[in-house]
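Have a look at the structure below, then the notes.
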Amino acid sequence: MAKLKDNPISVSDLNEYLSGQDDFRLEIAVLKNFKKRNLEVLHGGTYEDPVTKLARQFDIRGSVRKNGFSVHLAIECKNLKESYPLLVSTLPRTYEESYHEVIFSHKRTANSFQALG
């Protein structure tokens with residue numbers, strides 16, 4: 001386990017950290033970008049993982065609606081740099097496993113139902 005330093009943290013220590021390591025600042029920039037465009041956005045929160053039933057956290061959730069269509073985004077903010085890369089591990093998938101899901105829904109009115117006969 002890493003040993004904690006006995007020296008108090010100074011304002012300059014905090015400023016140095018915030019200038020180079022701050023994922024939260026990136027989240028705020030994404031949040032402001034969504035709001036500037038009048039898009040729906042949620043910053044930070046939790047949800048229940050449907051598979052493990054464990055509580056999980058999210059950074060940003062956004063929604064874009066236009067012409068009766070909507071796109072829902074889950075955005076994970078990472079402040080990447082050469083000394084802090086993102087490694088994505090993959091493995092080959094079969095044809096049956098390789099797909100995207102697109103879910104369509106629309107409001108039904110009383111006139112949209114047809115009698116079955």
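Ligands are numbered from 1 in the order shown, chains are lettered A, B, ... in the order of the structure tokens, and residues start at 1 in each chain.
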
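DSSP on the backbone gives alpha helix (DSSP H) for these parts of chain A: Val11, Ser12, Asp13, Leu14, Asn15, Glu16, Tyr17, Leu18, Ser19, Gly20, Asp23, Phe24, Arg25, Leu26, Glu27, Ile28, Ala29, Val30, Leu31, Lys32, Asn33, Phe34, Lys35 and Lys36 of chain A.
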
With N, CA and C atoms retained, could you export that selection as a short mmCIF file (atom, residue, chain, number, x, y, z; two decimals), in the first residue's frame?
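The new file again15.cif reads:
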data_model
loop_
_atom_site.label_atom_id
_atom_site.label_comp_id
_atom_site.auth_asym_id
_atom_site.auth_seq_id
_atom_site.Cartn_x
_atom_site.Cartn_y
_atom_site.Cartn_z
N VAL A 11 -2.12 24.91 -1.40
CA VAL A 11 -2.94 25.42 -2.50
C VAL A 11 -2.24 25.15 -3.83
N SER A 12 -0.91 25.32 -3.86
CA SER A 12 -0.19 25.07 -5.12
C SER A 12 -0.24 23.59 -5.49
N ASP A 13 -0.25 22.68 -4.49
CA ASP A 13 -0.41 21.25 -4.77
C ASP A 13 -1.76 20.98 -5.43
N LEU A 14 -2.80 21.60 -4.89
CA LEU A 14 -4.14 21.42 -5.46
C LEU A 14 -4.23 21.98 -6.86
N ASN A 15 -3.67 23.17 -7.07
CA ASN A 15 -3.69 23.78 -8.41
C ASN A 15 -2.92 22.93 -9.41
N GLU A 16 -1.78 22.38 -8.98
CA GLU A 16 -1.00 21.51 -9.87
C GLU A 16 -1.80 20.27 -10.25
N TYR A 17 -2.48 19.67 -9.28
CA TYR A 17 -3.30 18.49 -9.55
C TYR A 17 -4.43 18.84 -10.52
N LEU A 18 -5.13 19.93 -10.24
CA LEU A 18 -6.27 20.31 -11.08
C LEU A 18 -5.87 20.69 -12.49
N SER A 19 -4.66 21.20 -12.68
CA SER A 19 -4.24 21.61 -14.02
C SER A 19 -3.91 20.42 -14.91
N GLY A 20 -3.67 19.24 -14.34
CA GLY A 20 -3.27 18.13 -15.19
C GLY A 20 -4.00 16.83 -14.99
N ASP A 23 -10.37 14.82 -13.94
CA ASP A 23 -11.46 14.30 -14.76
C ASP A 23 -12.74 15.12 -14.56
N PHE A 24 -12.92 15.65 -13.35
CA PHE A 24 -14.12 16.40 -13.04
C PHE A 24 -14.22 17.65 -13.93
N ARG A 25 -13.11 18.30 -14.19
CA ARG A 25 -13.12 19.48 -15.05
C ARG A 25 -13.59 19.09 -16.46
N LEU A 26 -13.19 17.92 -16.94
CA LEU A 26 -13.65 17.44 -18.24
C LEU A 26 -15.15 17.19 -18.21
N GLU A 27 -15.66 16.61 -17.13
CA GLU A 27 -17.10 16.39 -17.00
C GLU A 27 -17.86 17.71 -17.07
N ILE A 28 -17.35 18.74 -16.39
CA ILE A 28 -18.01 20.04 -16.39
C ILE A 28 -18.00 20.64 -17.80
N ALA A 29 -16.90 20.48 -18.52
CA ALA A 29 -16.82 20.99 -19.90
C ALA A 29 -17.85 20.30 -20.79
N VAL A 30 -18.00 18.98 -20.65
CA VAL A 30 -19.00 18.24 -21.44
C VAL A 30 -20.40 18.69 -21.06
N LEU A 31 -20.65 18.85 -19.77
CA LEU A 31 -21.94 19.29 -19.27
C LEU A 31 -22.30 20.67 -19.85
N LYS A 32 -21.36 21.61 -19.80
CA LYS A 32 -21.60 22.95 -20.34
C LYS A 32 -21.86 22.90 -21.84
N ASN A 33 -21.14 22.03 -22.55
CA ASN A 33 -21.31 21.89 -23.99
C ASN A 33 -22.73 21.43 -24.32
N PHE A 34 -23.24 20.45 -23.57
CA PHE A 34 -24.61 19.97 -23.79
C PHE A 34 -25.61 21.09 -23.50
N LYS A 35 -25.43 21.77 -22.36
CA LYS A 35 -26.38 22.81 -21.97
C LYS A 35 -26.38 23.97 -22.95
N LYS A 36 -25.20 24.32 -23.49
CA LYS A 36 -25.09 25.41 -24.46
C LYS A 36 -25.93 25.10 -25.70
#

Excluding region 62-66 of chain A and any residue of its chain fewer than 4 positions from it, enumerate the residues within 7 Å of it, using only C-alpha atoms, and give them as a PDB file with C-alpha atoms, in the first residue's frame.
ATOM      1  CA  LEU A  39     -29.763  19.334 -24.942  1.00  0.00           C
ATOM      2  CA  GLU A  40     -31.073  17.241 -22.074  1.00  0.00           C
ATOM      3  CA  VAL A  41     -28.273  16.272 -19.707  1.00  0.00           C
ATOM      4  CA  LEU A  42     -27.739  14.631 -16.309  1.00  0.00           C
ATOM      5  CA  SER A  70     -34.113  10.434 -29.909  1.00  0.00           C
ATOM      6  CA  VAL A  71     -30.582   9.337 -29.151  1.00  0.00           C
ATOM      7  CA  HIS A  72     -29.567   8.578 -25.570  1.00  0.00           C
ATOM      8  CA  LEU A  73     -25.901   8.821 -24.645  1.00  0.00           C
ATOM      9  CA  ALA A  74     -23.922   7.454 -21.709  1.00  0.00           C
TER      10      ALA A  74
END

Rounded to one decimal in Å, what is the spacing between CA of Asn67 (chain A) and CA of Glu101 (chain A)?
20.4 Å

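Every residue of region 13-96 of chain A found in strand (DSSP E) when DSSP is run on the backbone appears here: Glu40, Val41, Leu42, His43, Gly44, Gly45, Thr46, Tyr47, Glu48, Ala55, Arg56, Gln57, Phe58, Asp59, Ile60, Arg61, Gly62, Ser63, Val64, Arg65, Lys66, Phe69, Ser70, Val71, His72, Leu73, Ala74 and Ile75 of chain A.
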
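The residue set within 7 Å of His43 (chain A), counting only C-alpha atoms and dropping same-chain residues fewer than 4 places from it, reads Leu31, Asp59, Ile60 and Arg61 of chain A.
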
Can you spit out the residues from that selection as a PDB file, in the first residue's frame, using C-alpha atoms?
ATOM      1  CA  LEU A  31     -21.942  19.294 -19.275  1.00  0.00           C
ATOM      2  CA  ASP A  59     -20.499  10.681 -15.412  1.00  0.00           C
ATOM      3  CA  ILE A  60     -22.881  12.164 -17.985  1.00  0.00           C
ATOM      4  CA  ARG A  61     -26.144  11.040 -19.542  1.00  0.00           C
TER       5      ARG A  61
END

Distance CA of Gly44 (chain A)-CA of Pro8 (chain A), one decimal place?
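Taking CA of Gly44 (chain A) and CA of Pro8 (chain A), their separation equals 29.6 Å.
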